[in-house]
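A.B. asks: Would you mind keeping the following structure in view while I ask a few things?
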Amino acid sequence: MGKGIPLDDQDRIPWLCNLHDILLRDVASGQHVVLACSALKKMYRDILTQGKDGAALKCEESEKEAKRAEMQLLVVHLSGSFEVISGRLLKRKGHFMPPELLRSQFETLEPPAAPENFIQISVDKNVSEIIAKIMETLKMK
Ligand SMILES: Nc1ncnc2c1ncn2[C@@H]1O[C@H](COP(=O)(O)OP(=O)(O)O)[C@@H](O)[C@H]1O
Ligand SMILES: O=C(O)[C@H](O)[C@@H](O)[C@H](O)[C@H](O)COP(=O)(O)O
């Protein structure tokens, strides 16, 4: 990404499998977990929730399957226009991702849709409003 080359499935899938394993471990130990992740495609979000079963390409650690705990995941889709997000990235300092890569991320994005368990919140809202909406949703579930 630092060289202006977007990640592809081969780059992302092992990382998503690792994130799934971490989520599973923390949920199994009774924690409530928040994960910030771009997870642009439905398949990526399926890997986060279901591990290798959620993906066409498989995670390597198949023995984790046997230990799988029930994991409920609420996807919070922070949605915004290309213009708003690009404007924020252009102001951001010291991040490895060049703002030029944002176009490919918008092209790759598959917004969550039923039957995924998700809510969509506009990034036009301020952070306090976004957090309040997430908390309200979690209390109702
Ligand atoms: N709701 C918001 N309102 C205003 N600025 C925001 C909001 N959410 C994120 N930003 C800003 O947009 C930039 C990118 O946000 P984000 O993708 O969340 O950052 P990161 O990936 O670095 O955690 C950051 O500089 C952040 O401060
Ligand atoms: O804040 C940002 O600039 C992005 O969120 C950035 O962190 C990117 O999303 C990840 O590095 C994963 O890359 P992909 O979104 O291309 O998988």
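Labels for the structure tokens follow display order: chains A, B, ..., residues from 1 in each chain, ligands from 1.
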Give me, as a PyMOL selection string, the set of residues whose atoms come within 12 Å of any atom of ligand 2, counting only C-alpha atoms and all ligand atoms.
C.D. replies: chain A and resi 1-2+4-16+36-41+44-45+78+85-86+88-110
A.B. asks: Please return, as a PyMOL selection string, all residues of range 84-124 of chain A that DSSP assigns to strand (DSSP E or B) on the basis of the backbone.
C.D. replies: chain A and resi 118-122
A.B. asks: Would you put the residues from that selection into a file with N, CA, C and O atoms, as a PDB file, in the first residue's frame?
C.D. replies:
ATOM      1  N   PHE A 118     -26.098  -6.065  10.453  1.00  0.00           N
ATOM      2  CA  PHE A 118     -25.343  -4.820  10.281  1.00  0.00           C
ATOM      3  C   PHE A 118     -26.214  -3.596  10.531  1.00  0.00           C
ATOM      4  O   PHE A 118     -27.442  -3.670  10.482  1.00  0.00           O
ATOM      5  N   ILE A 119     -25.537  -2.499  10.834  1.00  0.00           N
ATOM      6  CA  ILE A 119     -26.187  -1.188  10.762  1.00  0.00           C
ATOM      7  C   ILE A 119     -25.281  -0.288   9.926  1.00  0.00           C
ATOM      8  O   ILE A 119     -24.078  -0.550   9.803  1.00  0.00           O
ATOM      9  N   GLN A 120     -25.876   0.726   9.358  1.00  0.00           N
ATOM     10  CA  GLN A 120     -25.102   1.679   8.566  1.00  0.00           C
ATOM     11  C   GLN A 120     -25.214   3.046   9.219  1.00  0.00           C
ATOM     12  O   GLN A 120     -26.316   3.483   9.555  1.00  0.00           O
ATOM     13  N   ILE A 121     -24.083   3.685   9.426  1.00  0.00           N
ATOM     14  CA  ILE A 121     -24.071   5.021  10.038  1.00  0.00           C
ATOM     15  C   ILE A 121     -23.225   5.929   9.162  1.00  0.00           C
ATOM     16  O   ILE A 121     -22.131   5.540   8.718  1.00  0.00           O
ATOM     17  N   SER A 122     -23.716   7.130   8.952  1.00  0.00           N
ATOM     18  CA  SER A 122     -22.988   8.074   8.103  1.00  0.00           C
ATOM     19  C   SER A 122     -21.813   8.688   8.856  1.00  0.00           C
ATOM     20  O   SER A 122     -21.974   9.130  10.003  1.00  0.00           O
TER      21      SER A 122
END
A.B. asks: If we count only C-alpha atoms, what is near Glu116 in chain A at a cut-off of 9 Å, once residues fewer than 6 positions away on the same chain are taken out, given as a VMD selection string?
C.D. replies: chain A and resid 42 74 to 75
A.B. asks: Please, what distance in Å, to one decimal, runs between CA of Lys52 in chain A and CA of His77 in chain A?
C.D. replies: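 For CA of Lys52 in chain A relative to CA of His77 in chain A, the distance reads 22.5 Å.
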A.B. asks: I want to know what sits within 8 Å of Leu23 in chain A, based on only C-alpha atoms, with residues of the same chain fewer than 4 positions away left out; could you give that as a ChimeraX atom specification?
C.D. replies: /A:19,27,33,48
A.B. asks: Return the single residue from A:Gly87, A:Pro112, A:Gly30, A:Gly51 that is closest to ligand 1, with distances computed using only C-alpha atoms and all ligand atoms.
C.D. replies: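 For ligand 1, the nearest of the given residues is A:Gly87.
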A.B. asks: Looking at only C-alpha atoms and all ligand atoms, which of A:Ser79, A:Asn117, A:Glu136, A:Pro111 is the one that sits closest to ligand 1?
C.D. replies: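 Result for the nearest residue to ligand 1: A:Ser79.
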A.B. asks: From chain A, collect each residue whose DSSP state is alpha helix (DSSP H) and return the set as a VMD selection string.
C.D. replies: chain A and resid 9 to 28 42 to 50 82 to 91 102 to 108 127 to 140
A.B. asks: To one decimal place in Å, what is the distance between CA of Ser81 in chain A and CA of Asp46 in chain A?
C.D. replies: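 Computing the Euclidean distance for CA of Ser81 in chain A and CA of Asp46 in chain A yields 24.6 Å.
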A.B. asks: Identify which of the residues A:Met140, A:Met135, A:Ile130, A:Ala114 lies closest to ligand 1, counting only C-alpha atoms and all ligand atoms when measuring atom-to-atom distances.
C.D. replies: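 Nearest candidate to ligand 1 out of A:Met140, A:Met135, A:Ile130, A:Ala114: A:Ile130.
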A.B. asks: Hey, which of A:Met71, A:Gln50, A:Met43, A:Ala113 ends up closest to Ala28 in chain A? Count only C-alpha atoms.
C.D. replies: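 Among the listed residues, the smallest separation from Ala28 in chain A belongs to A:Met71.
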A.B. asks: Tell me which of A:His20, A:Lys125, A:Arg25, A:His32 sits closest to ligand 1, counting only C-alpha atoms and all ligand atoms.
C.D. replies: A:Lys125
